[in-house]
file coords_7.txt (compact mmCIF, C-alpha atoms)
# COMPACT_ATOMS: atom_id res chain seq x y z
CA MET A 1 11.61 14.67 16.52
CA ALA A 2 7.95 15.03 17.30
CA GLU A 3 7.17 11.51 16.15
CA ILE A 4 10.47 9.83 15.41
CA LEU A 5 10.45 9.12 11.67
CA GLY A 6 6.67 9.25 11.87
CA PRO A 7 4.08 10.68 9.48
CA ALA A 8 3.36 13.93 11.32
CA LEU A 9 5.52 16.93 12.13
CA ASN A 10 3.82 18.36 15.21
CA LEU A 11 4.83 22.01 15.47
CA ARG A 12 3.94 22.26 19.14
CA PHE A 13 6.82 19.90 19.95
CA TYR A 14 9.23 22.67 18.96
CA GLU A 15 7.73 25.27 21.32
CA SER A 16 9.46 26.02 24.61
CA PRO A 17 9.61 28.84 27.19
CA LYS A 18 12.74 30.06 25.34
CA GLY A 19 10.89 30.41 22.03
CA PHE A 20 10.46 28.36 18.88
CA ASP A 21 13.29 25.95 17.95
CA ILE A 22 13.67 26.82 14.26
CA LYS A 23 16.96 24.94 13.76
CA SER A 24 15.50 21.66 14.97
CA LEU A 25 12.41 22.14 12.82
CA ALA A 26 14.55 22.76 9.73
CA ALA A 27 16.57 19.61 10.42
CA ASP A 28 13.49 17.45 10.96
CA LEU A 29 11.46 18.78 8.06
CA ARG A 30 13.12 16.41 5.59
CA TYR A 31 11.37 13.48 7.27
CA PHE A 32 8.04 15.22 6.76
CA ILE A 33 8.88 15.83 3.11
CA ARG A 34 9.74 12.18 2.59
CA GLU A 35 6.55 10.85 4.16
CA GLN A 36 3.96 13.48 3.27
CA GLY A 37 5.49 14.81 0.04
CA PRO A 38 4.22 12.03 -2.25
CA GLU A 39 0.69 12.37 -0.88
CA VAL A 40 0.74 16.11 -1.52
CA VAL A 41 2.12 15.66 -5.04
CA LYS A 42 -0.50 12.98 -5.75
CA GLN A 43 -3.27 15.43 -4.82
CA LEU A 44 -1.76 18.29 -6.80
CA LEU A 45 -0.70 16.33 -9.87
CA PRO A 46 -2.67 13.12 -10.37
CA GLN A 47 -0.85 12.60 -13.69
CA PHE A 48 2.52 12.29 -11.91
CA PRO A 49 3.96 8.75 -12.43
CA ARG A 50 3.10 6.53 -9.49
CA GLU A 51 6.46 4.78 -9.67
CA LEU A 52 8.31 8.04 -9.17
CA LEU A 53 6.04 8.93 -6.24
CA THR A 54 6.92 5.59 -4.66
CA ARG A 55 10.63 6.16 -5.18
CA LEU A 56 10.29 9.70 -3.81
CA GLN A 57 8.75 8.27 -0.65
CA TYR A 58 10.90 5.21 -0.06
CA ALA A 59 14.29 6.49 -1.25
CA PRO A 60 16.89 5.79 1.46
CA ASP A 61 18.06 8.63 3.67
CA HIS A 62 21.78 9.01 4.44
CA PHE A 63 23.05 10.85 7.52
CA SER A 64 25.55 10.43 10.35
CA TYR A 65 25.86 10.74 14.11
CA HIS A 66 29.02 12.33 15.56
CA LEU A 67 30.32 12.07 19.12
CA THR A 68 31.23 15.68 19.95
CA GLY A 69 32.08 16.73 23.49
CA GLY A 70 30.13 13.82 24.90
CA LYS A 71 27.09 14.71 22.80
CA LEU A 72 25.61 12.60 20.02
CA VAL A 73 25.12 15.19 17.28
CA ALA A 74 23.37 14.49 13.97
CA SER A 75 25.23 15.56 10.81
CA GLU A 76 22.55 18.09 9.86
CA ASP A 77 22.90 19.80 13.24
CA LEU A 78 26.69 19.63 13.11
CA HIS A 79 26.67 21.29 9.69
CA ASN A 80 24.50 24.10 11.09
CA ARG A 81 26.74 24.36 14.19
CA ASN A 82 23.76 23.45 16.33
CA PHE A 83 25.42 21.14 18.86
CA THR A 84 22.23 19.58 20.17
CA ASP A 85 22.36 16.06 21.51
CA ALA A 86 20.11 13.93 19.30
CA ARG A 87 18.78 12.16 22.39
CA SER A 88 17.28 15.41 23.67
CA ARG A 89 15.19 15.76 20.54
CA VAL A 90 13.43 12.43 20.95
CA ASP A 91 10.43 12.05 23.25
CA LYS A 92 11.54 9.03 25.27
CA ASN A 93 8.16 8.94 27.03
CA GLU A 94 6.36 8.31 23.73
CA PRO A 95 5.70 4.57 24.14
CA GLU A 96 6.21 3.47 20.56
CA ARG A 97 8.84 4.92 18.22
CA GLY A 98 10.07 7.57 20.68
CA ALA A 99 11.01 5.13 23.44
CA GLY A 100 12.74 2.75 21.03
CA ALA A 101 14.61 5.53 19.25
CA PHE A 102 15.91 6.91 22.55
CA LEU A 103 17.26 3.49 23.55
CA VAL A 104 18.96 3.13 20.16
CA LEU A 105 20.59 6.56 20.42
CA GLU A 106 21.80 5.75 23.93
CA LYS A 107 23.44 2.58 22.64
CA VAL A 108 24.93 4.34 19.61
CA ALA A 109 26.44 7.00 21.90
CA GLY A 110 27.89 4.26 24.11
CA ILE A 111 29.39 2.41 21.14
CA LEU A 112 31.06 5.56 19.81
CA ALA A 113 32.30 6.60 23.26
CA ASP A 114 33.99 3.30 24.16
CA GLU A 115 36.76 2.61 21.66
CA ASN A 116 37.80 -0.50 23.57
CA LYS A 117 34.63 -2.37 22.65
CA SER A 118 34.59 -4.96 19.86
CA LYS A 119 32.80 -2.63 17.44
CA GLU A 120 35.76 -1.00 15.73
CA ASP A 121 36.09 1.42 12.86
CA GLY A 122 34.68 -0.06 9.67
CA GLU A 123 32.22 -2.37 11.43
CA ASN A 124 28.48 -2.19 10.79
CA ILE A 125 25.54 -2.02 13.17
CA LEU A 126 21.81 -1.99 12.49
CA TRP A 127 18.49 -1.39 14.19
CA ALA A 128 14.88 -1.63 13.08
CA SER A 129 11.61 0.12 13.83
CA PRO A 130 8.69 -2.23 13.08
CA LYS A 131 5.28 -0.90 12.14
CA GLU A 132 3.08 -3.32 14.12
CA GLY A 133 1.31 -1.39 16.86
CA PHE A 134 3.00 1.90 15.97
CA SER A 135 1.23 5.02 14.76
CA SER A 136 3.19 5.14 11.50
CA ARG A 137 2.14 2.84 8.68
CA HIS A 138 5.79 2.28 7.77
CA ALA A 139 8.63 0.16 9.11
CA TYR A 140 12.31 1.19 9.04
CA ILE A 141 15.63 -0.57 8.95
CA ASN A 142 18.79 1.43 9.64
CA ILE A 143 22.33 0.27 8.83
CA GLY A 144 25.34 2.26 10.02
CA THR A 145 29.11 2.01 9.57
CA ILE A 146 31.48 3.13 12.35
CA GLY A 147 34.22 5.50 11.21
CA ARG A 148 35.90 8.85 11.85
CA ASP A 149 34.97 12.40 10.91
CA ASN A 150 37.38 15.14 9.80
CA SER A 151 38.31 15.93 13.39
CA GLY A 152 39.19 12.32 14.16
CA SER A 153 36.14 11.81 16.36
CA ARG A 154 34.11 8.63 16.01
CA LYS A 155 30.99 8.80 13.87
CA LEU A 156 28.30 6.45 12.60
CA SER A 157 27.33 6.83 8.92
CA VAL A 158 23.73 5.63 8.58
CA SER A 159 21.51 4.62 5.71
CA SER A 160 17.85 4.59 6.77
CA TYR A 161 15.39 2.59 4.67
CA MET A 162 11.65 3.14 4.95
CA SER A 163 9.60 0.10 3.93
CA ASP A 164 6.35 -1.79 4.33
CA PHE A 165 8.14 -4.81 5.82
CA SER A 166 6.16 -6.81 8.36
CA LEU A 167 7.67 -7.90 11.66
CA PRO A 168 8.42 -11.46 10.40
CA GLU A 169 10.07 -9.99 7.30
CA LEU A 170 12.21 -7.67 9.42
CA ARG A 171 13.28 -10.61 11.59
CA SER A 172 14.34 -12.51 8.47
CA LEU A 173 16.31 -9.53 7.15
CA ILE A 174 18.05 -9.05 10.50
CA ALA A 175 18.99 -12.75 10.50
CA ASN A 176 20.53 -12.40 7.02
CA LEU A 177 22.42 -9.22 7.90
CA THR A 178 23.66 -10.38 11.31
CA GLY A 179 23.63 -14.20 11.34
CA LEU A 180 21.40 -14.10 14.44
CA ASN A 181 17.93 -15.56 14.85
CA VAL A 182 15.44 -13.09 16.32
CA PRO A 183 12.81 -14.93 18.44
CA PRO A 184 9.42 -15.02 16.70
CA GLU A 185 7.65 -13.96 19.90
CA ILE A 186 9.61 -10.70 20.21
CA SER A 187 7.41 -7.60 20.43
CA PRO A 188 7.88 -4.58 18.14
CA ARG A 189 8.58 -2.36 21.16
CA ILE A 190 11.48 -4.50 22.34
CA LEU A 191 12.89 -4.92 18.84
CA SER A 192 12.78 -1.16 18.18
CA GLY A 193 15.25 -0.54 21.02
CA MET A 194 17.80 -3.21 20.02
CA VAL A 195 21.10 -2.61 18.20
CA PHE A 196 22.81 -5.47 16.32
CA GLN A 197 26.29 -5.96 14.91
CA ALA A 198 25.90 -6.57 11.16
CA ASP A 199 28.01 -8.89 9.02
CA HIS A 200 27.33 -6.74 5.95
CA LYS A 201 25.29 -3.68 4.93
CA ASP A 202 23.93 -4.63 1.49
CA LEU A 203 20.19 -4.45 2.14
CA ILE A 204 19.32 -5.02 -1.52
CA ALA A 205 21.27 -8.30 -1.51
CA ALA A 206 19.64 -9.29 1.78
CA CYS A 207 16.18 -8.61 0.34
CA ASN A 208 16.96 -10.67 -2.77
CA THR A 209 18.17 -13.56 -0.60
CA VAL A 210 15.26 -13.45 1.85
CA PHE A 211 12.37 -12.55 -0.48
CA GLY A 212 13.70 -13.45 -3.91
CA PRO A 213 14.34 -10.94 -6.74
CA GLY A 214 10.62 -10.32 -7.27
CA ARG A 215 9.95 -8.45 -3.98
CA THR A 216 8.42 -5.03 -4.62
CA ILE A 217 7.01 -2.14 -2.62
CA GLU A 218 3.98 -0.55 -4.26
CA GLY A 219 4.96 -2.18 -7.53
CA VAL A 220 8.58 -0.99 -7.59
CA SER A 221 11.37 -3.55 -7.22
CA ILE A 222 13.60 -3.38 -4.15
CA GLY A 223 16.71 -2.95 -6.30
CA LYS A 224 15.29 0.07 -8.11
CA LEU A 225 13.67 1.48 -4.99
CA TYR A 226 16.82 1.55 -2.87
CA GLY A 227 19.31 1.89 -5.74
CA ALA A 228 21.32 4.85 -6.98
CA GLY A 229 18.40 6.38 -8.88
CA SER A 230 16.37 6.83 -5.71
CA GLY A 231 19.45 8.23 -3.99
CA GLU A 232 19.58 11.03 -6.55
CA ILE A 233 15.93 11.84 -5.93
CA TRP A 234 16.48 11.99 -2.16
CA GLN A 235 19.55 14.21 -2.62
CA ALA A 236 17.36 16.64 -4.54
CA ILE A 237 14.82 16.62 -1.71
CA ARG A 238 17.52 17.24 0.89
CA GLN A 239 18.90 20.16 -1.11
CA VAL A 240 15.48 21.77 -1.31
CA VAL A 241 14.91 21.41 2.43
CA LYS A 242 18.38 22.78 3.16
CA ASP A 243 17.84 25.82 0.95
CA GLY A 244 14.45 26.41 2.51
CA GLY A 245 15.78 26.89 6.04
CA LYS A 246 15.63 30.69 5.85
CA LYS A 247 12.10 30.50 4.49
CA ILE A 248 11.06 28.39 7.48
CA ALA A 249 12.62 30.91 9.86
CA GLU A 250 10.76 33.75 8.18
CA VAL A 251 7.45 31.89 8.39
CA VAL A 252 7.86 30.99 12.05
CA ASN A 253 9.14 34.42 13.10
CA SER A 254 6.32 36.19 11.31
CA ALA A 255 3.81 34.03 13.18
CA GLU A 256 4.61 35.92 16.42
CA GLY A 257 3.38 33.05 18.55
CA GLU A 258 -0.01 32.79 16.85
CA ILE A 259 -0.26 29.08 16.21
CA GLU A 260 -2.82 29.29 13.41
CA LYS A 261 -0.62 31.61 11.35
CA MET A 262 2.22 29.19 11.81
CA GLN A 263 0.10 26.24 10.69
CA ILE A 264 -1.05 27.84 7.47
CA GLY A 265 2.37 29.32 6.79
CA MET A 266 4.09 25.97 7.20
CA ALA A 267 1.70 24.31 4.78
CA GLN A 268 2.42 27.02 2.20
CA THR A 269 6.15 26.55 2.77
CA VAL A 270 5.79 22.83 2.18
CA PHE A 271 4.09 23.52 -1.15
CA GLY A 272 7.06 25.64 -2.16
CA PHE A 273 9.40 22.77 -1.29
CA ILE A 274 7.38 20.22 -3.26
CA GLU A 275 7.29 22.49 -6.30
CA SER A 276 11.07 22.96 -6.11
CA VAL A 277 11.59 19.21 -5.75
CA LEU A 278 9.69 18.61 -8.97
CA GLU A 279 11.86 21.16 -10.75
CA LEU A 280 15.10 19.64 -9.42
CA ILE A 281 14.43 16.05 -10.46
CA GLY A 282 15.43 16.70 -14.04
CA LYS A 283 16.75 13.26 -14.94
CA GLU A 284 13.39 11.54 -14.56
CA LYS A 285 10.68 11.40 -17.21
CA ILE A 286 8.20 13.85 -15.70
CA PRO A 287 5.06 14.97 -17.56
CA GLU A 288 5.05 18.62 -18.56
CA ILE A 289 2.26 19.33 -16.07
CA ALA A 290 4.68 18.53 -13.26
CA ARG A 291 6.71 21.57 -14.25
CA GLU A 292 3.76 23.97 -14.22
CA LYS A 293 3.30 26.54 -11.49
CA LEU A 294 0.85 25.95 -8.66
CA SER A 295 -1.42 28.67 -10.03
CA ARG A 296 -2.25 26.43 -13.01
CA ILE A 297 -3.29 23.47 -10.87
CA PRO A 298 -7.08 23.07 -10.44
CA THR A 299 -8.38 24.70 -7.27
CA GLU A 300 -9.93 21.50 -5.92
CA ASN A 301 -6.58 19.69 -6.24
CA PHE A 302 -4.80 22.50 -4.43
CA LEU A 303 -7.28 22.51 -1.54
CA ALA A 304 -7.13 18.72 -1.19
CA ALA A 305 -3.34 18.84 -1.11
CA PHE A 306 -3.39 21.69 1.40
CA MET A 307 -5.43 19.59 3.80
CA THR A 308 -2.92 16.74 3.46
CA ALA A 309 0.02 19.05 4.09
CA ALA A 310 -1.68 20.86 6.98
CA ALA A 311 -2.58 17.59 8.65
CA GLY A 312 1.05 16.51 8.48
CA CYS A 313 2.39 19.85 9.68
CA ILE A 314 0.17 20.22 12.73
CA GLY A 315 -0.58 16.67 13.83
CA SER A 316 -4.07 16.56 15.32
CA LEU A 317 -4.81 20.25 14.74
CA MET A 318 -6.52 21.65 11.64
CA PRO A 319 -7.38 25.26 10.67
CA SER A 320 -11.10 25.58 10.02
CA ARG A 321 -10.85 28.05 7.13
CA PHE A 322 -8.48 28.57 4.25
CA GLY A 323 -8.93 30.71 1.16
CA GLY A 324 -12.57 31.37 1.96
CA ALA A 325 -13.46 27.66 2.03
CA THR A 326 -14.66 25.94 5.20
CA PHE A 327 -13.60 22.39 6.01
CA SER A 328 -14.70 19.89 8.61
CA ALA A 329 -11.69 18.03 10.02
CA VAL A 330 -13.68 15.06 11.27
CA PRO A 331 -14.94 13.34 8.10
CA VAL A 332 -11.81 14.05 6.08
CA LEU A 333 -9.07 13.30 8.59
CA GLY A 334 -10.87 11.13 11.11
CA ILE A 335 -9.86 13.35 14.04
CA GLU A 336 -11.64 15.44 16.63
CA ASN A 337 -12.25 19.12 15.86
CA ASN A 338 -10.51 20.84 18.78
CA ARG A 339 -11.28 24.46 17.88
CA VAL A 340 -12.64 26.15 21.00
CA HIS A 341 -13.08 29.65 22.42
CA CYS A 342 -10.66 29.98 25.34
CA PRO A 343 -12.25 31.80 28.32
CA ASN A 344 -8.82 32.94 29.55
CA CYS A 345 -7.26 34.62 26.51
CA LYS A 346 -10.61 35.23 24.74
CA LYS A 347 -9.27 33.71 21.51
CA THR A 348 -10.55 30.94 19.27
CA VAL A 349 -7.78 28.35 19.32
CA SER A 350 -7.07 24.74 18.39
CA CYS A 351 -6.52 22.89 21.66
CA ALA A 352 -7.42 19.37 22.78
CA ILE A 353 -8.69 18.63 26.29
CA GLY A 354 -5.76 18.42 28.71
CA GLU A 355 -3.38 20.29 26.42
CA THR A 356 -1.94 23.80 26.70
CA CYS A 357 -3.78 26.67 25.02
CA PRO A 358 -1.43 28.30 22.46
CA GLY A 359 -2.78 31.73 23.41
CA CYS A 360 -2.49 31.84 27.21
CA ARG A 361 -0.52 28.63 27.97
CA GLN A 362 -3.24 27.39 30.35
CA ILE A 363 -4.39 23.76 30.36
CA ARG A 364 -7.80 23.25 28.71
CA PRO A 365 -9.99 21.56 31.36
CA CYS A 366 -12.95 20.53 29.18

call {"tool": "encode", "arguments": {"input": "coords_7.txt", "output": "structure tokens"}}
result
Amino acid sequence: MAEILGPALNLRFYESPKGFDIKSLAADLRYFIREQGPEVVKQLLPQFPRELLTRLQYAPDHFSYHLTGGKLVASEDLHNRNFTDARSRVDKNEPERGAGAFLVLEKVAGILADENKSKEDGENILWASPKEGFSSRHAYINIGTIGRDNSGSRKLSVSSYMSDFSLPELRSLIANLTGLNVPPEISPRILSGMVFQADHKDLIAACNTVFGPGRTIEGVSIGKLYGAGSGEIWQAIRQVVKDGGKKIAEVVNSAEGEIEKMQIGMAQTVFGFIESVLELIGKEKIPEIAREKLSRIPTENFLAAFMTAAAGCIGSLMPSRFGGATFSAVPVLGIENNRVHCPNCKKTVSCAIGETCPGCRQIRPC
């Protein structure tokens, strides 16, 4: 992933000399939907219940890692018959979440490969990704159960919980789940690469024990946030992303290597996903406006939401014009405007100093 479980889905991470990796983008897009989706919906539909937005954002994700031919393959990739090792899709040189995630995946692969180790089928392991010092504003705690898939190969079934837990809170939760005391002086970087054997996997019970039953995230109780209701919401999101895979492929293929087309197209695709998500969550009490088409949403709300979605899709890049309106990326997003005229390919592109021009693939010197 471009930024492992982070807030941005940087499209340039999926470019390579062989072309654009559409399958990996489709698999990773659900993380973008989870983190950016509520912000987009909030801009589009300010009447949408805040509690449901919170549950949409923090609902636990459920997936699995399978050991297949020596490769650690995520369930989404396995389902799509894309046998890519999950470790190859993490930037291990990224000093925060990327480095920690790579170490975790290495250890998970080792656990699944060595059946003689103490971690047997049915046992639980966990790892955490603290927010202190990291680019994302969120922390994560992941709890997995070792088992077997249909082919008899070892797999790890994981529940991943996004949260606003601080580092001391994460240490306390790990102590409850594992019986171990994590040193108070441990740094987030070191902790993010550690894998623990867990005594149990009931995070809601652990939160109630550590924090008491009154602990909430953005006003929603832990029990409701991570309970079955949120699971249904996340299942709806996953279904929308899954069904949108062909749409993503069409958008990327039609871009023909022109990065700006891809940026705008991806943002439009995300809007389609968000609209479908609202239609799928039928069991919740949603105001009638949430079921209206995008064309009935005020223009200023649509443009504000587009900027949120575009910022998430393209990381530090931002198209300067959309729908006839001109935006300045600096005051709104707090980032540098990197639109320049490239002297090599003679195109106006979005490219930061020291990065590769999307038009001619040359490094921008200044």

call {"tool": "closest_residue", "arguments": {"input": "coords_7.txt", "among": "A:Phe273, A:Trp234, A:Phe165, A:Trp127", "to": "His62 (chain A)", "atoms": "all atoms listed in the file"}}
result
A:Trp234

call {"tool": "atom_distance", "arguments": {"input": "coords_7.txt", "atom1": "CA of Leu67 (chain A)", "atom2": "CA of Leu156 (chain A)"}}
result
8.8 Å

call {"tool": "residues_around", "arguments": {"input": "coords_7.txt", "residues": "Leu126 (chain A)", "least_positions_apart": "3", "cutoff": "12 Å", "atoms": "only C-alpha atoms", "output": "ChimeraX atom specification"}}
result
/A:104-105,107-108,123,129,140-146,156-161,170,173-178,191-203

call {"tool": "atom_distance", "arguments": {"input": "coords_7.txt", "atom1": "CA of Gly212 (chain A)", "atom2": "CA of Lys224 (chain A)"}}
result
14.2 Å

call {"tool": "atom_distance", "arguments": {"input": "coords_7.txt", "atom1": "CA of Leu278 (chain A)", "atom2": "CA of Ala249 (chain A)"}}
result
22.7 Å

call {"tool": "decode", "arguments": {"input": "coords_7.txt", "residues": "region 163-253 of chain A", "atoms": "C-alpha atoms", "output": "PDB file, in the first residue's frame"}}
result
ATOM      1  CA  SER A 163      -8.954   3.913  16.724  1.00  0.00           C
ATOM      2  CA  ASP A 164      -7.770   7.112  18.339  1.00  0.00           C
ATOM      3  CA  PHE A 165      -5.922   5.197  21.070  1.00  0.00           C
ATOM      4  CA  SER A 166      -2.797   6.862  22.429  1.00  0.00           C
ATOM      5  CA  LEU A 167       0.450   4.947  22.892  1.00  0.00           C
ATOM      6  CA  PRO A 168      -0.133   4.435  26.659  1.00  0.00           C
ATOM      7  CA  GLU A 169      -3.649   3.179  25.925  1.00  0.00           C
ATOM      8  CA  LEU A 170      -2.342   0.737  23.323  1.00  0.00           C
ATOM      9  CA  ARG A 171       0.236  -0.553  25.809  1.00  0.00           C
ATOM     10  CA  SER A 172      -2.533  -1.161  28.349  1.00  0.00           C
ATOM     11  CA  LEU A 173      -4.676  -2.992  25.791  1.00  0.00           C
ATOM     12  CA  ILE A 174      -1.740  -5.174  24.714  1.00  0.00           C
ATOM     13  CA  ALA A 175      -1.092  -6.029  28.378  1.00  0.00           C
ATOM     14  CA  ASN A 176      -4.734  -7.106  28.809  1.00  0.00           C
ATOM     15  CA  LEU A 177      -4.776  -9.152  25.604  1.00  0.00           C
ATOM     16  CA  THR A 178      -1.381 -10.812  26.103  1.00  0.00           C
ATOM     17  CA  GLY A 179      -0.559 -10.719  29.826  1.00  0.00           C
ATOM     18  CA  LEU A 180       2.707  -8.919  29.005  1.00  0.00           C
ATOM     19  CA  ASN A 181       3.845  -5.502  30.192  1.00  0.00           C
ATOM     20  CA  VAL A 182       5.066  -3.277  27.365  1.00  0.00           C
ATOM     21  CA  PRO A 183       7.840  -0.918  28.624  1.00  0.00           C
ATOM     22  CA  PRO A 184       6.591   2.673  28.907  1.00  0.00           C
ATOM     23  CA  GLU A 185       9.699   3.989  27.148  1.00  0.00           C
ATOM     24  CA  ILE A 186       9.081   1.952  23.978  1.00  0.00           C
ATOM     25  CA  SER A 187       8.929   4.040  20.805  1.00  0.00           C
ATOM     26  CA  PRO A 188       6.022   3.828  18.333  1.00  0.00           C
ATOM     27  CA  ARG A 189       8.399   2.692  15.583  1.00  0.00           C
ATOM     28  CA  ILE A 190       9.629  -0.300  17.568  1.00  0.00           C
ATOM     29  CA  LEU A 191       6.145  -1.228  18.756  1.00  0.00           C
ATOM     30  CA  SER A 192       4.737  -1.098  15.205  1.00  0.00           C
ATOM     31  CA  GLY A 193       7.052  -3.929  14.134  1.00  0.00           C
ATOM     32  CA  MET A 194       6.321  -6.276  17.064  1.00  0.00           C
ATOM     33  CA  VAL A 195       4.014  -9.318  16.988  1.00  0.00           C
ATOM     34  CA  PHE A 196       2.575 -10.713  20.247  1.00  0.00           C
ATOM     35  CA  GLN A 197       0.867 -13.967  21.170  1.00  0.00           C
ATOM     36  CA  ALA A 198      -2.599 -13.079  22.509  1.00  0.00           C
ATOM     37  CA  ASP A 199      -4.457 -14.846  25.301  1.00  0.00           C
ATOM     38  CA  HIS A 200      -7.799 -13.806  23.793  1.00  0.00           C
ATOM     39  CA  LYS A 201      -9.164 -11.702  20.919  1.00  0.00           C
ATOM     40  CA  ASP A 202     -12.131  -9.893  22.484  1.00  0.00           C
ATOM     41  CA  LEU A 203     -11.074  -6.272  22.002  1.00  0.00           C
ATOM     42  CA  ILE A 204     -14.399  -4.914  23.270  1.00  0.00           C
ATOM     43  CA  ALA A 205     -13.958  -6.796  26.557  1.00  0.00           C
ATOM     44  CA  ALA A 206     -10.351  -5.588  26.787  1.00  0.00           C
ATOM     45  CA  CYS A 207     -11.460  -1.981  26.259  1.00  0.00           C
ATOM     46  CA  ASN A 208     -14.145  -2.316  28.939  1.00  0.00           C
ATOM     47  CA  THR A 209     -11.590  -3.742  31.385  1.00  0.00           C
ATOM     48  CA  VAL A 210      -8.878  -1.180  30.646  1.00  0.00           C
ATOM     49  CA  PHE A 211     -10.961   1.967  30.111  1.00  0.00           C
ATOM     50  CA  GLY A 212     -14.274   1.116  31.747  1.00  0.00           C
ATOM     51  CA  PRO A 213     -17.610   0.818  29.894  1.00  0.00           C
ATOM     52  CA  GLY A 214     -17.790   4.556  29.224  1.00  0.00           C
ATOM     53  CA  ARG A 215     -14.903   4.756  26.702  1.00  0.00           C
ATOM     54  CA  THR A 216     -16.039   6.292  23.422  1.00  0.00           C
ATOM     55  CA  ILE A 217     -14.523   7.374  20.124  1.00  0.00           C
ATOM     56  CA  GLU A 218     -16.056  10.572  18.764  1.00  0.00           C
ATOM     57  CA  GLY A 219     -19.021  10.062  21.065  1.00  0.00           C
ATOM     58  CA  VAL A 220     -19.780   6.457  20.074  1.00  0.00           C
ATOM     59  CA  SER A 221     -19.235   3.682  22.632  1.00  0.00           C
ATOM     60  CA  ILE A 222     -16.575   1.073  21.937  1.00  0.00           C
ATOM     61  CA  GLY A 223     -19.140  -1.733  22.091  1.00  0.00           C
ATOM     62  CA  LYS A 224     -21.340  -0.145  19.443  1.00  0.00           C
ATOM     63  CA  LEU A 225     -18.398   1.024  17.359  1.00  0.00           C
ATOM     64  CA  TYR A 226     -16.755  -2.377  17.000  1.00  0.00           C
ATOM     65  CA  GLY A 227     -19.922  -4.470  17.361  1.00  0.00           C
ATOM     66  CA  ALA A 228     -21.987  -6.360  14.806  1.00  0.00           C
ATOM     67  CA  GLY A 229     -23.779  -3.236  13.561  1.00  0.00           C
ATOM     68  CA  SER A 230     -20.546  -1.655  12.389  1.00  0.00           C
ATOM     69  CA  GLY A 231     -19.555  -4.959  10.816  1.00  0.00           C
ATOM     70  CA  GLU A 232     -22.633  -4.800   8.600  1.00  0.00           C
ATOM     71  CA  ILE A 233     -21.739  -1.282   7.521  1.00  0.00           C
ATOM     72  CA  TRP A 234     -18.185  -2.323   6.628  1.00  0.00           C
ATOM     73  CA  GLN A 235     -19.477  -5.342   4.689  1.00  0.00           C
ATOM     74  CA  ALA A 236     -21.564  -2.964   2.607  1.00  0.00           C
ATOM     75  CA  ILE A 237     -18.499  -0.821   1.932  1.00  0.00           C
ATOM     76  CA  ARG A 238     -16.439  -3.846   0.924  1.00  0.00           C
ATOM     77  CA  GLN A 239     -19.158  -5.007  -1.471  1.00  0.00           C
ATOM     78  CA  VAL A 240     -19.256  -1.615  -3.158  1.00  0.00           C
ATOM     79  CA  VAL A 241     -15.481  -1.542  -3.582  1.00  0.00           C
ATOM     80  CA  LYS A 242     -15.493  -5.105  -4.921  1.00  0.00           C
ATOM     81  CA  ASP A 243     -18.201  -4.333  -7.463  1.00  0.00           C
ATOM     82  CA  GLY A 244     -16.377  -1.180  -8.512  1.00  0.00           C
ATOM     83  CA  GLY A 245     -13.224  -2.976  -9.639  1.00  0.00           C
ATOM     84  CA  LYS A 246     -14.177  -2.873 -13.322  1.00  0.00           C
ATOM     85  CA  LYS A 247     -15.009   0.810 -13.020  1.00  0.00           C
ATOM     86  CA  ILE A 248     -11.544   1.481 -11.605  1.00  0.00           C
ATOM     87  CA  ALA A 249      -9.948  -0.425 -14.487  1.00  0.00           C
ATOM     88  CA  GLU A 250     -11.938   1.598 -17.006  1.00  0.00           C
ATOM     89  CA  VAL A 251     -10.932   4.883 -15.381  1.00  0.00           C
ATOM     90  CA  VAL A 252      -7.248   4.010 -15.218  1.00  0.00           C
ATOM     91  CA  ASN A 253      -7.096   2.542 -18.732  1.00  0.00           C
TER      92      ASN A 253
END
